[in-house]
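So this block is run.pdb, PDB, C-alpha atoms and all ligand atoms:
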```pdb
ATOM      1  CA  MET A 505      12.510 -18.815   0.872
ATOM      2  CA  ILE A 506      11.892 -15.565  -0.865
ATOM      3  CA  ILE A 507      10.813 -12.005  -0.194
ATOM      4  CA  VAL A 508       9.540  -9.687  -2.924
ATOM      5  CA  ALA A 509       8.855  -6.010  -2.267
ATOM      6  CA  SER A 510       8.176  -2.652  -3.843
ATOM      7  CA  SER A 511      11.426  -0.690  -4.128
ATOM      8  CA  ASN A 512      10.708   1.436  -1.024
ATOM      9  CA  GLY A 513      10.861  -1.830   0.926
ATOM     10  CA  LYS A 514      14.670  -1.681   0.752
ATOM     11  CA  VAL A 515      14.961  -0.475   4.358
ATOM     12  CA  GLY A 516      13.132  -3.593   5.583
ATOM     13  CA  ILE A 517      13.829  -6.464   3.206
ATOM     14  CA  SER A 518      17.078  -7.703   4.816
ATOM     15  CA  ALA A 519      15.453  -7.788   8.256
ATOM     16  CA  ALA A 520      12.507  -9.661   6.773
ATOM     17  CA  MET A 521      14.850 -12.223   5.220
ATOM     18  CA  ARG A 522      16.672 -12.623   8.564
ATOM     19  CA  VAL A 523      13.330 -13.556  10.115
ATOM     20  CA  LEU A 524      12.880 -16.312   7.518
ATOM     21  CA  ARG A 525      16.469 -17.520   7.911
ATOM     22  CA  ASN A 526      15.922 -17.795  11.655
ATOM     23  CA  GLY A 527      12.935 -20.039  11.079
ATOM     24  CA  GLY A 528      10.241 -17.359  11.283
ATOM     25  CA  SER A 529       7.028 -17.543   9.288
ATOM     26  CA  ALA A 530       6.128 -15.602   6.151
ATOM     27  CA  ILE A 531       3.727 -13.553   8.313
ATOM     28  CA  ASP A 532       6.497 -12.662  10.787
ATOM     29  CA  ALA A 533       8.791 -11.673   7.915
ATOM     30  CA  VAL A 534       6.227  -9.473   6.166
ATOM     31  CA  GLU A 535       5.372  -7.700   9.410
ATOM     32  CA  ALA A 536       9.032  -7.174  10.337
ATOM     33  CA  GLY A 537       9.907  -5.773   6.902
ATOM     34  CA  ILE A 538       6.948  -3.410   6.703
ATOM     35  CA  ARG A 539       7.426  -2.078  10.245
ATOM     36  CA  LEU A 540      10.828  -0.710   9.236
ATOM     37  CA  VAL A 541       9.304   1.105   6.272
ATOM     38  CA  GLU A 542       6.535   2.493   8.497
ATOM     39  CA  SER A 543       9.180   3.864  10.881
ATOM     40  CA  ASN A 544      11.188   5.506   8.092
ATOM     41  CA  PRO A 545      10.354   9.243   8.182
ATOM     42  CA  GLN A 546      12.041   9.707   4.787
ATOM     43  CA  ASP A 547       9.268   7.661   3.199
ATOM     44  CA  LYS A 548       6.507  10.201   2.599
ATOM     45  CA  THR A 549       3.918   7.606   1.699
ATOM     46  CA  VAL A 550       3.968   5.081   4.536
ATOM     47  CA  GLY A 551       3.556   5.384   8.331
ATOM     48  CA  LEU A 552       5.564   8.028  10.191
ATOM     49  CA  GLY A 553       6.233  11.011   7.929
ATOM     50  CA  GLY A 554       3.392  10.198   5.521
ATOM     51  CA  ILE A 555       1.749  13.113   3.735
ATOM     52  CA  PRO A 556      -1.523  13.887   5.510
ATOM     53  CA  ASN A 557      -5.079  14.290   4.271
ATOM     54  CA  LEU A 558      -6.623  17.609   3.330
ATOM     55  CA  LEU A 559      -7.003  18.567   7.011
ATOM     56  CA  GLY A 560      -3.412  17.728   7.956
ATOM     57  CA  GLU A 561      -4.188  14.383   9.604
ATOM     58  CA  VAL A 562      -2.008  11.370   8.772
ATOM     59  CA  GLU A 563      -4.441   8.535   8.002
ATOM     60  CA  LEU A 564      -2.982   5.087   7.454
ATOM     61  CA  ASP A 565      -4.237   1.974   5.643
ATOM     62  CA  ALA A 566      -2.691  -1.520   5.889
ATOM     63  CA  SER A 567      -3.496  -5.179   5.418
ATOM     64  CA  ILE A 568      -1.959  -8.601   5.821
ATOM     65  CA  MET A 569      -3.124 -11.919   4.365
ATOM     66  CA  ASP A 570      -2.073 -15.425   5.331
ATOM     67  CA  GLY A 571      -1.975 -17.613   2.226
ATOM     68  CA  GLN A 572      -2.106 -20.811   4.274
ATOM     69  CA  THR A 573      -5.437 -20.177   6.010
ATOM     70  CA  LEU A 574      -6.762 -17.340   3.787
ATOM     71  CA  ALA A 575      -7.257 -15.296   6.966
ATOM     72  CA  ALA A 576      -6.621 -11.584   6.686
ATOM     73  CA  GLY A 577      -6.671  -8.441   8.793
ATOM     74  CA  ALA A 578      -6.759  -4.802   7.797
ATOM     75  CA  VAL A 579      -7.115  -1.261   9.103
ATOM     76  CA  GLY A 580      -8.202   1.856   7.235
ATOM     77  CA  ALA A 581      -8.111   5.603   7.948
ATOM     78  CA  LEU A 582      -6.215   4.904  11.175
ATOM     79  CA  GLN A 583      -4.721   7.903  12.976
ATOM     80  CA  GLY A 584      -2.045   8.073  15.665
ATOM     81  CA  TYR A 585      -0.394   4.651  15.414
ATOM     82  CA  GLU A 586       2.955   4.078  13.741
ATOM     83  CA  HIS A 587       2.497   0.423  12.835
ATOM     84  CA  PRO A 588      -0.811  -0.238  11.089
ATOM     85  CA  ILE A 589       0.609  -3.516   9.729
ATOM     86  CA  SER A 590       0.920  -4.901  13.268
ATOM     87  CA  ILE A 591      -2.590  -3.731  14.153
ATOM     88  CA  ALA A 592      -3.860  -5.365  10.944
ATOM     89  CA  ARG A 593      -2.183  -8.597  12.031
ATOM     90  CA  LYS A 594      -3.921  -8.373  15.409
ATOM     91  CA  VAL A 595      -7.273  -7.842  13.658
ATOM     92  CA  MET A 596      -6.575 -11.090  11.799
ATOM     93  CA  GLU A 597      -5.580 -12.953  14.948
ATOM     94  CA  GLU A 598      -7.911 -11.537  17.597
ATOM     95  CA  LEU A 599     -11.190 -10.639  15.925
ATOM     96  CA  PRO A 600     -13.849 -12.397  13.858
ATOM     97  CA  HIS A 601     -13.496  -9.505  11.366
ATOM     98  CA  VAL A 602     -11.232  -8.565   8.479
ATOM     99  CA  LEU A 603     -11.292  -4.756   8.379
ATOM    100  CA  LEU A 604     -11.537  -2.050  11.051
ATOM    101  CA  VAL A 605     -11.549   1.651  10.201
ATOM    102  CA  GLY A 606     -11.186   5.024  11.908
ATOM    103  CA  SER A 607     -12.076   5.340  15.586
ATOM    104  CA  GLY A 608     -12.928   1.639  15.909
ATOM    105  CA  ALA A 609      -9.485   0.679  14.608
ATOM    106  CA  GLU A 610      -7.896   3.157  17.025
ATOM    107  CA  ARG A 611      -9.883   1.812  19.938
ATOM    108  CA  PHE A 612      -8.775  -1.736  19.051
ATOM    109  CA  ALA A 613      -5.129  -0.623  18.750
ATOM    110  CA  ALA A 614      -5.296   0.865  22.261
ATOM    111  CA  GLU A 615      -6.968  -2.303  23.544
ATOM    112  CA  MET A 616      -4.102  -4.370  22.094
ATOM    113  CA  GLY A 617      -1.528  -2.186  23.872
ATOM    114  CA  PHE A 618      -0.110  -0.237  20.907
ATOM    115  CA  ASP A 619       1.339   3.173  21.805
ATOM    116  CA  ARG A 620      -0.083   6.319  20.276
ATOM    117  CA  ARG A 621       2.234   8.818  18.657
ATOM    118  CA  GLU A 622       2.186  11.889  16.424
ATOM    119  CA  LEU A 623       2.913  10.810  12.849
ATOM    120  CA  LEU A 624       2.996  14.191  11.135
ATOM    121  CA  THR A 625       6.670  15.170  10.825
ATOM    122  CA  GLU A 626       7.790  18.769  10.309
ATOM    123  CA  GLU A 627       8.972  17.853   6.820
ATOM    124  CA  ALA A 628       5.663  16.288   5.759
ATOM    125  CA  LYS A 629       3.809  19.239   7.290
ATOM    126  CA  GLU A 630       5.852  21.660   5.181
ATOM    127  CA  VAL A 631       5.130  19.725   1.982
ATOM    128  CA  TRP A 632       1.441  19.584   2.908
ATOM    129  CA  GLU A 633       1.215  23.304   3.706
ATOM    130  CA  GLU A 634       3.081  24.437   0.622
ATOM    131  CA  ARG A 635       0.637  22.678  -1.659
ATOM    132  CA  LEU A 636      -2.398  23.941   0.287
ATOM    133  CA  HIS A 637      -1.170  27.523   0.093
ATOM    134  CA  LYS A 638      -0.744  27.231  -3.664
ATOM    135  CA  ALA A 639      -4.179  25.751  -4.293
ATOM    136  CA  ILE A 640      -6.522  27.235  -1.673
ATOM    137  CA  PRO A 641      -7.173  30.929  -0.968
ATOM    138  CA  GLU A 642      -5.740  32.166   2.336
ATOM    139  CA  THR A 643      -9.173  33.166   3.710
ATOM    140  CA  MET A 644     -10.432  29.631   3.198
ATOM    141  CA  LEU A 645      -7.395  27.963   4.762
ATOM    142  CA  ALA A 646      -8.010  29.447   8.191
ATOM    143  CA  ASN A 647     -11.314  27.577   8.491
ATOM    144  CA  LEU A 648     -10.655  24.493   6.427
ATOM    145  CA  LYS A 649     -11.823  22.164   9.216
ATOM    146  CA  GLU A 650     -15.258  23.803   9.224
ATOM    147  CA  GLU A 651     -15.482  24.225   5.435
ATOM    148  CA  PRO A 652     -18.941  22.882   4.472
ATOM    149  CA  ALA A 653     -17.867  22.038   0.909
ATOM    150  CA  LEU A 654     -14.457  20.474   1.503
ATOM    151  CA  ARG A 655     -15.022  18.270  -1.522
ATOM    152  CA  GLN A 656     -14.463  21.163  -3.916
ATOM    153  CA  TRP A 657     -10.799  21.410  -2.896
ATOM    154  CA  VAL A 658      -9.880  17.751  -3.081
ATOM    155  CA  LYS A 659      -9.382  17.554  -6.830
ATOM    156  CA  ARG A 660      -7.570  20.812  -7.088
ATOM    157  CA  VAL A 661      -5.093  20.149  -4.270
ATOM    158  CA  ARG A 662      -4.568  16.447  -4.783
ATOM    159  CA  GLU A 663      -3.753  16.438  -8.463
ATOM    160  CA  SER A 664      -1.087  19.053  -8.819
ATOM    161  CA  PRO A 665       0.818  16.692  -9.051
ATOM    162  CA  TRP A 666      -0.797  13.600  -7.553
ATOM    163  CA  ALA A 667       1.225  12.203  -4.616
ATOM    164  CA  GLY A 668       1.063   8.714  -3.203
ATOM    165  CA  GLY A 669       2.972   5.524  -2.616
ATOM    166  CA  THR A 670       2.690   2.281  -0.701
ATOM    167  CA  VAL A 671       4.917  -0.533   0.473
ATOM    168  CA  ASN A 672       4.246  -4.116  -0.637
ATOM    169  CA  PHE A 673       5.897  -7.205   0.862
ATOM    170  CA  LEU A 674       5.312 -10.786  -0.313
ATOM    171  CA  ALA A 675       7.087 -13.663   1.438
ATOM    172  CA  GLN A 676       7.317 -17.415   1.132
ATOM    173  CA  ASP A 677       8.848 -19.189   4.116
ATOM    174  CA  ALA A 678      10.748 -22.478   4.422
ATOM    175  CA  ASP A 679       7.454 -24.381   4.806
ATOM    176  CA  GLY A 680       6.144 -22.937   1.537
ATOM    177  CA  ASN A 681       3.622 -20.661   3.254
ATOM    178  CA  ILE A 682       2.939 -17.349   1.574
ATOM    179  CA  CYS A 683       1.975 -14.009   3.122
ATOM    180  CA  ALA A 684       1.254 -10.605   1.558
ATOM    181  CA  GLY A 685       1.355  -7.275   3.388
ATOM    182  CA  VAL A 686       0.649  -3.699   2.346
ATOM    183  CA  SER A 687       0.947  -0.380   4.199
ATOM    184  CA  THR A 688       0.418   3.226   3.143
ATOM    185  CA  SER A 689      -0.552   6.731   4.167
ATOM    186  CA  GLY A 690      -2.576   6.737   0.956
ATOM    187  CA  GLN A 691      -2.983   9.708  -1.279
ATOM    188  CA  GLY A 692      -1.659  12.998   0.031
ATOM    189  CA  TRP A 693      -4.359  15.673   0.505
ATOM    190  CA  LYS A 694      -7.122  13.063   0.248
ATOM    191  CA  TYR A 695     -10.623  13.729   1.574
ATOM    192  CA  PRO A 696     -10.656  12.692   5.272
ATOM    193  CA  GLY A 697     -11.783   9.098   5.610
ATOM    194  CA  ARG A 698     -10.796   8.140   2.074
ATOM    195  CA  VAL A 699      -9.607   4.537   2.065
ATOM    196  CA  GLY A 700      -7.570   3.158  -0.831
ATOM    197  CA  ASP A 701      -6.907  -0.322  -2.150
ATOM    198  CA  SER A 702      -4.243  -1.204   0.429
ATOM    199  CA  PRO A 703      -6.545  -2.412   3.233
ATOM    200  CA  LEU A 704      -9.042  -4.006   0.861
ATOM    201  CA  ILE A 705      -8.395  -7.708   0.461
ATOM    202  CA  GLY A 706      -8.688  -8.544  -3.216
ATOM    203  CA  ALA A 707      -7.939  -4.992  -4.353
ATOM    204  CA  GLY A 708      -4.463  -4.144  -3.006
ATOM    205  CA  ASN A 709      -3.555  -7.458  -1.394
ATOM    206  CA  TYR A 710      -4.201 -11.153  -1.906
ATOM    207  CA  ALA A 711      -2.414 -14.387  -0.949
ATOM    208  CA  ASP A 712      -3.300 -18.019  -1.409
ATOM    209  CA  ASN A 713      -0.686 -20.758  -0.871
ATOM    210  CA  ARG A 714      -2.281 -22.856  -3.606
ATOM    211  CA  TYR A 715      -1.580 -20.305  -6.351
ATOM    212  CA  GLY A 716       0.471 -17.311  -5.217
ATOM    213  CA  ALA A 717       0.148 -13.728  -4.046
ATOM    214  CA  ALA A 718      -0.007 -10.191  -5.361
ATOM    215  CA  ALA A 719      -0.047  -6.653  -4.000
ATOM    216  CA  CYS A 720      -0.450  -3.221  -5.536
ATOM    217  CA  THR A 721       0.756   0.350  -5.348
ATOM    218  CA  GLY A 722      -0.587   3.226  -7.395
ATOM    219  CA  LEU A 723      -3.956   4.851  -7.800
ATOM    220  CA  GLY A 724      -5.981   2.775  -5.361
ATOM    221  CA  GLU A 725      -9.329   3.527  -6.953
ATOM    222  CA  MET A 726      -8.201   1.525 -10.003
ATOM    223  CA  ALA A 727      -7.221  -1.573  -8.014
ATOM    224  CA  ILE A 728     -10.460  -1.347  -6.031
ATOM    225  CA  LEU A 729     -12.611  -1.205  -9.155
ATOM    226  CA  ALA A 730     -10.760  -4.006 -10.943
ATOM    227  CA  GLY A 731     -10.032  -6.251  -7.923
ATOM    228  CA  THR A 732      -6.444  -6.271  -9.117
ATOM    229  CA  ALA A 733      -4.545  -8.356  -6.526
ATOM    230  CA  ARG A 734      -7.192 -11.060  -6.499
ATOM    231  CA  SER A 735      -7.276 -10.996 -10.307
ATOM    232  CA  VAL A 736      -3.600 -11.951 -10.505
ATOM    233  CA  VAL A 737      -4.166 -14.895  -8.163
ATOM    234  CA  LEU A 738      -7.318 -15.926 -10.020
ATOM    235  CA  TYR A 739      -5.435 -15.884 -13.339
ATOM    236  CA  LEU A 740      -2.794 -18.096 -11.678
ATOM    237  CA  LYS A 741      -5.552 -20.422 -10.529
ATOM    238  CA  MET A 742      -6.824 -20.566 -14.110
ATOM    239  CA  GLY A 743      -3.405 -21.891 -15.110
ATOM    240  CA  LEU A 744      -1.732 -18.825 -16.598
ATOM    241  CA  PRO A 745       2.009 -18.511 -15.988
ATOM    242  CA  LEU A 746       2.964 -15.694 -13.583
ATOM    243  CA  GLU A 747       4.003 -13.181 -16.217
ATOM    244  CA  GLU A 748       0.782 -13.671 -18.182
ATOM    245  CA  ALA A 749      -1.343 -13.522 -15.018
ATOM    246  CA  GLY A 750       0.150 -10.130 -14.140
ATOM    247  CA  ARG A 751      -0.229  -8.827 -17.689
ATOM    248  CA  GLN A 752      -3.878  -9.811 -17.776
ATOM    249  CA  ALA A 753      -4.598  -8.107 -14.444
ATOM    250  CA  MET A 754      -2.939  -4.938 -15.780
ATOM    251  CA  LYS A 755      -4.865  -5.156 -19.061
ATOM    252  CA  ASP A 756      -8.123  -5.332 -17.091
ATOM    253  CA  LEU A 757      -7.399  -1.725 -16.093
ATOM    254  CA  HIS A 758      -7.898  -0.598 -19.707
ATOM    255  CA  ALA A 759     -11.623  -0.391 -19.076
ATOM    256  CA  LEU A 760     -10.964   2.256 -16.401
ATOM    257  CA  ALA A 761      -8.574   4.338 -18.478
ATOM    258  CA  SER A 762     -10.846   7.298 -19.088
ATOM    259  CA  LEU A 763     -12.215   7.334 -15.536
ATOM    260  CA  TYR A 764      -8.948   6.767 -13.674
ATOM    261  CA  PRO A 765      -5.887   7.281 -15.885
ATOM    262  CA  GLY A 766      -3.422   6.578 -13.108
ATOM    263  CA  THR A 767      -0.332   4.594 -12.265
ATOM    264  CA  MET A 768      -0.673   0.968 -11.268
ATOM    265  CA  ASN A 769       2.097  -1.324 -10.054
ATOM    266  CA  ILE A 770       1.817  -4.971  -9.035
ATOM    267  CA  VAL A 771       4.306  -7.300  -7.346
ATOM    268  CA  ALA A 772       3.506 -10.986  -7.690
ATOM    269  CA  LEU A 773       4.756 -14.364  -6.529
ATOM    270  CA  ASP A 774       3.588 -17.812  -7.559
ATOM    271  CA  LYS A 775       3.378 -20.907  -5.369
ATOM    272  CA  ASP A 776       6.748 -22.138  -6.688
ATOM    273  CA  GLY A 777       8.535 -18.960  -5.617
ATOM    274  CA  ARG A 778       8.742 -17.383  -9.079
ATOM    275  CA  HIS A 779       8.336 -13.624  -8.928
ATOM    276  CA  ALA A 780       7.580 -10.754 -11.283
ATOM    277  CA  ALA A 781       6.286  -7.217 -11.102
ATOM    278  CA  PHE A 782       4.299  -5.034 -13.454
ATOM    279  CA  SER A 783       3.738  -1.350 -14.046
ATOM    280  CA  ASN A 784       2.119   0.961 -16.552
ATOM    281  CA  ARG A 785       4.999   3.386 -15.944
ATOM    282  CA  GLU A 786       8.351   3.087 -17.711
ATOM    283  CA  GLU A 787      11.503   2.212 -15.791
ATOM    284  CA  ALA A 788       9.685   1.023 -12.679
ATOM    285  CA  VAL A 789      11.569  -1.492 -10.542
ATOM    286  CA  TYR A 790      11.018  -3.869  -7.628
ATOM    287  CA  ILE A 791      13.302  -5.767  -5.267
ATOM    288  CA  TYR A 792      13.651  -9.324  -4.015
ATOM    289  CA  MET A 793      15.869 -11.468  -1.789
ATOM    290  CA  THR A 794      16.182 -15.223  -1.531
ATOM    291  CA  GLY A 795      17.597 -17.426   1.212
ATOM    292  CA  GLU A 796      20.843 -17.515  -0.776
ATOM    293  CA  THR A 797      21.371 -13.777  -1.437
ATOM    294  CA  ASP A 798      23.072 -11.327   0.943
ATOM    295  CA  GLU A 799      21.727  -8.127  -0.587
ATOM    296  CA  PRO A 800      18.419  -7.250  -2.197
ATOM    297  CA  GLU A 801      18.452  -7.388  -5.986
ATOM    298  CA  GLU A 802      16.597  -4.855  -8.087
ATOM    299  CA  LEU A 803      14.749  -5.926 -11.239
ATOM    300  CA  PRO A 804      12.690  -4.040 -13.834
ATOM    301  CA  ARG A 805       8.924  -4.358 -13.751
ATOM    302  CA  VAL A 806       7.206  -5.625 -16.897
ATOM    303  CA  LEU A 807       5.748  -2.595 -18.676
ATOM    304  CA  VAL A 808       2.057  -3.027 -19.465
ATOM    305  CA  PRO A 809       0.358   0.125 -20.762
ATOM    306  CA  THR A 810      -3.179   0.553 -19.474
ATOM    307  CA  GLY A 811      -4.535   2.776 -22.159
ATOM    308  CA  GLU A 812      -4.048   6.456 -21.274
ATOM    309  CA  ASN A 813      -1.329   8.836 -20.235
ATOM    310  CA  ASN A 814      -0.704   8.246 -16.569
ATOM    311  CA  ARG A 815      -1.652  11.669 -15.379
ATOM    312  CA  ARG A 816      -1.669  10.810 -11.723
ATOM    313  CA  GLY A 817       0.679   8.842  -9.555
TER     314      GLY A 817
HETATM  315  N1  LIG B 901      -2.443   2.696  -3.474
HETATM  316  C1  LIG B 901      -2.375   3.765  -2.530
HETATM  317  C2  LIG B 901      -3.743   4.361  -2.356
HETATM  318  O1  LIG B 901      -4.439   4.554  -3.329
HETATM  319  C3  LIG B 901      -1.428   4.861  -2.853
HETATM  320  C4  LIG B 901      -0.248   4.558  -3.721
HETATM  321  O2  LIG B 901       0.238   3.443  -3.737
HETATM  322  O3  LIG B 901       0.243   5.459  -4.415
HETATM  323  O4  LIG B 901      -4.072   4.680  -1.247
END
```
Kindly present the structure from the file in structure tokens form.
Ligand code: ASP
Amino acid sequence: MIIVASSNGKVGISAAMRVLRNGGSAIDAVEAGIRLVESNPQDKTVGLGGIPNLLGEVELDASIMDGQTLAAGAVGALQGYEHPISIARKVMEELPHVLLVGSGAERFAAEMGFDRRELLTEEAKEVWEERLHKAIPETMLANLKEEPALRQWVKRVRESPWAGGTVNFLAQDADGNICAGVSTSGQGWKYPGRVGDSPLIGAGNYADNRYGAAACTGLGEMAILAGTARSVVLYLKMGLPLEEAGRQAMKDLHALASLYPGTMNIVALDKDGRHAAFSNREEAVYIYMTGETDEPEELPRVLVPTGENNRRG
């Protein structure tokens, strides 16, 4: 039994391991761990307290993939629900679809009995407003919702500095089944409706019992364009050891370096429970817990430069 997570998963990893120790499945453990991160208002990049989009709306993305069946569920640009990971799980279990976005995802959440709530905390609102006031003229701010050329402000507001973050959980249960889960509020000050890599199976999340699993945080556009999570699993399938599979998936990002010179981080697990994580940023870490450990352990990620200064993320 093992759980691997991005370092902001610390608030949920022990609960996730308890689920496994009590005989729960990898899917149950991933959901339980991520829900605690989503409820943590101190985390400005996931669930409650996430930094909103350009218009001040908290829009959440999440996905979950079952490595045993290869079923997956995901939601994107979801507003007003604290636990997108649980809604993603319901998409996987209740619908003949993989991904729901926006109002359709919200309608489905209501149908499944999830409670609505305001996700924009005072603290996140202050951070959001401060940046807007610095980057956008006061006269424009008053009518931002009606602004016909909202696109012109996205680059200016979003990149000074770029703000984002995501939680990744990978679990392997006592039966050897693997699950991967991802949840995020995406990039702060993003264009409304922007969806990142997190709810896209193959980009930010992939799990297959036969080979392993991977999940990403960082500049989602990069993982979307390179199919990063699926790449790791495909390299495992091709017979590469875990560390080499992760390195290769990171090196694939070289081709995007001039277009998207951003941060990318991967956590990965192979079918035998070996784990590793990768980053193009120095001193990045990840955490893990096994059935034998009482506390999460922190380990360095393997540094794999992707070709440019990491301006964003
Ligand atoms: N990957 C997320 C996104 O692009 C954000 C992040 O992890 O920083 O939406």
With range 519-537 of chain A as the partner and 8 Å as the cut-off, tabulate the residues of range 650-742 of chain A that qualify, each row holding the nearest pair of atoms and their distance in Å to one decimal, using all atoms listed in the file, sorted by chain and rising number, as a tab-separated table.
```
residue	atom	partner	partner_atom	distance
A:Phe673	CA	A:Val534	CA	5.8
A:Leu674	CA	A:Val534	CA	6.7
A:Ala675	CA	A:Ala530	CA	5.2
A:Gln676	CA	A:Ala530	CA	5.5
A:Asp677	CA	A:Ala530	CA	4.9
A:Ala678	CA	A:Leu524	CA	7.2
A:Asn681	CA	A:Ala530	CA	6.3
A:Ile682	CA	A:Ala530	CA	5.8
A:Cys683	CA	A:Ala530	CA	5.4
A:Ala684	CA	A:Val534	CA	6.9
A:Gly685	CA	A:Val534	CA	6.0
```
Which residues of range 663-724 of chain A come within 12 Å of range 588-610 of chain A, and what is each one's closest atom pair and distance in Å (one decimal), counting all atoms listed in the file, sorted by chain and residue number, as JSON lines?
```
{"residue": "A:Val671", "atom": "CA", "partner": "A:Ile589", "partner_atom": "CA", "distance": 10.6}
{"residue": "A:Asn672", "atom": "CA", "partner": "A:Ile589", "partner_atom": "CA", "distance": 11.0}
{"residue": "A:Phe673", "atom": "CA", "partner": "A:Ile589", "partner_atom": "CA", "distance": 11.0}
{"residue": "A:Cys683", "atom": "CA", "partner": "A:Arg593", "partner_atom": "CA", "distance": 11.2}
{"residue": "A:Ala684", "atom": "CA", "partner": "A:Ile589", "partner_atom": "CA", "distance": 10.8}
{"residue": "A:Gly685", "atom": "CA", "partner": "A:Ile589", "partner_atom": "CA", "distance": 7.4}
{"residue": "A:Val686", "atom": "CA", "partner": "A:Ile589", "partner_atom": "CA", "distance": 7.4}
{"residue": "A:Ser687", "atom": "CA", "partner": "A:Ile589", "partner_atom": "CA", "distance": 6.4}
{"residue": "A:Thr688", "atom": "CA", "partner": "A:Pro588", "partner_atom": "CA", "distance": 8.8}
{"residue": "A:Ser689", "atom": "CA", "partner": "A:Pro588", "partner_atom": "CA", "distance": 9.8}
{"residue": "A:Pro696", "atom": "CA", "partner": "A:Gly606", "partner_atom": "CA", "distance": 10.2}
{"residue": "A:Gly697", "atom": "CA", "partner": "A:Gly606", "partner_atom": "CA", "distance": 7.5}
{"residue": "A:Arg698", "atom": "CA", "partner": "A:Gly606", "partner_atom": "CA", "distance": 10.3}
{"residue": "A:Val699", "atom": "CA", "partner": "A:Val605", "partner_atom": "CA", "distance": 8.8}
{"residue": "A:Gly700", "atom": "CA", "partner": "A:Val605", "partner_atom": "CA", "distance": 11.8}
{"residue": "A:Ser702", "atom": "CA", "partner": "A:Ile589", "partner_atom": "CA", "distance": 10.7}
{"residue": "A:Pro703", "atom": "CA", "partner": "A:Leu603", "partner_atom": "CA", "distance": 7.4}
{"residue": "A:Leu704", "atom": "CA", "partner": "A:Leu603", "partner_atom": "CA", "distance": 7.9}
{"residue": "A:Ile705", "atom": "CA", "partner": "A:Val602", "partner_atom": "CA", "distance": 8.5}
{"residue": "A:Gly706", "atom": "CA", "partner": "A:Val602", "partner_atom": "CA", "distance": 12.0}
```
Print the selection's residues with C-alpha atoms to a file, as an mmCIF file, in the frame of the given file.
```cif
data_model
loop_
_atom_site.group_PDB
_atom_site.id
_atom_site.type_symbol
_atom_site.label_atom_id
_atom_site.label_comp_id
_atom_site.auth_asym_id
_atom_site.auth_seq_id
_atom_site.Cartn_x
_atom_site.Cartn_y
_atom_site.Cartn_z
ATOM 1 C CA VAL A 671 4.917 -0.533 0.473
ATOM 2 C CA ASN A 672 4.246 -4.116 -0.637
ATOM 3 C CA PHE A 673 5.897 -7.205 0.862
ATOM 4 C CA CYS A 683 1.975 -14.009 3.122
ATOM 5 C CA ALA A 684 1.254 -10.605 1.558
ATOM 6 C CA GLY A 685 1.355 -7.275 3.388
ATOM 7 C CA VAL A 686 0.649 -3.699 2.346
ATOM 8 C CA SER A 687 0.947 -0.380 4.199
ATOM 9 C CA THR A 688 0.418 3.226 3.143
ATOM 10 C CA SER A 689 -0.552 6.731 4.167
ATOM 11 C CA PRO A 696 -10.656 12.692 5.272
ATOM 12 C CA GLY A 697 -11.783 9.098 5.610
ATOM 13 C CA ARG A 698 -10.796 8.140 2.074
ATOM 14 C CA VAL A 699 -9.607 4.537 2.065
ATOM 15 C CA GLY A 700 -7.570 3.158 -0.831
ATOM 16 C CA SER A 702 -4.243 -1.204 0.429
ATOM 17 C CA PRO A 703 -6.545 -2.412 3.233
ATOM 18 C CA LEU A 704 -9.042 -4.006 0.861
ATOM 19 C CA ILE A 705 -8.395 -7.708 0.461
ATOM 20 C CA GLY A 706 -8.688 -8.544 -3.216
#
```
Within-8 Å residues of ligand LIG 901 (chain B), basis all atoms listed in the file, as a list of chain:residue names
A:Thr549, A:Asp565, A:Ala667, A:Gly668, A:Gly669, A:Thr670, A:Val671, A:Thr688, A:Ser689, A:Gly690, A:Gln691, A:Val699, A:Gly700, A:Asp701, A:Ser702, A:Gly708, A:Cys720, A:Thr721, A:Gly722, A:Leu723, A:Gly724, A:Glu725, A:Ala727, A:Thr767, A:Met768, A:Gly817
With C-alpha atoms retained, export the selected residues as a compact mmCIF listing (two decimals), in the frame of the given file.
```txt
# COMPACT_ATOMS: atom_id res chain seq x y z
CA THR A 549 3.92 7.61 1.70
CA ASP A 565 -4.24 1.97 5.64
CA ALA A 667 1.23 12.20 -4.62
CA GLY A 668 1.06 8.71 -3.20
CA GLY A 669 2.97 5.52 -2.62
CA THR A 670 2.69 2.28 -0.70
CA VAL A 671 4.92 -0.53 0.47
CA THR A 688 0.42 3.23 3.14
CA SER A 689 -0.55 6.73 4.17
CA GLY A 690 -2.58 6.74 0.96
CA GLN A 691 -2.98 9.71 -1.28
CA VAL A 699 -9.61 4.54 2.06
CA GLY A 700 -7.57 3.16 -0.83
CA ASP A 701 -6.91 -0.32 -2.15
CA SER A 702 -4.24 -1.20 0.43
CA GLY A 708 -4.46 -4.14 -3.01
CA CYS A 720 -0.45 -3.22 -5.54
CA THR A 721 0.76 0.35 -5.35
CA GLY A 722 -0.59 3.23 -7.40
CA LEU A 723 -3.96 4.85 -7.80
CA GLY A 724 -5.98 2.78 -5.36
CA GLU A 725 -9.33 3.53 -6.95
CA ALA A 727 -7.22 -1.57 -8.01
CA THR A 767 -0.33 4.59 -12.26
CA MET A 768 -0.67 0.97 -11.27
CA GLY A 817 0.68 8.84 -9.56
```
When you draw a straight line from CA of Asp679 in chain A to CA of Val550 in chain A, how long is it in Å?
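Rounded to one decimal, the two atoms are 29.7 Å apart.
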Which residues, written as an mmCIF file with C-alpha atoms, keeping the file's coordinate frame, have at least one atom at most 6 Å from Gly553 in chain A, with only C-alpha atoms counted and residues fewer than 4 positions away on the same chain left out?
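That gives us result_14.cif:
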```cif
data_model
loop_
_atom_site.group_PDB
_atom_site.id
_atom_site.type_symbol
_atom_site.label_atom_id
_atom_site.label_comp_id
_atom_site.auth_asym_id
_atom_site.auth_seq_id
_atom_site.Cartn_x
_atom_site.Cartn_y
_atom_site.Cartn_z
ATOM 1 C CA PRO A 545 10.354 9.243 8.182
ATOM 2 C CA LYS A 548 6.507 10.201 2.599
ATOM 3 C CA LEU A 623 2.913 10.810 12.849
ATOM 4 C CA LEU A 624 2.996 14.191 11.135
ATOM 5 C CA THR A 625 6.670 15.170 10.825
ATOM 6 C CA ALA A 628 5.663 16.288 5.759
#
```
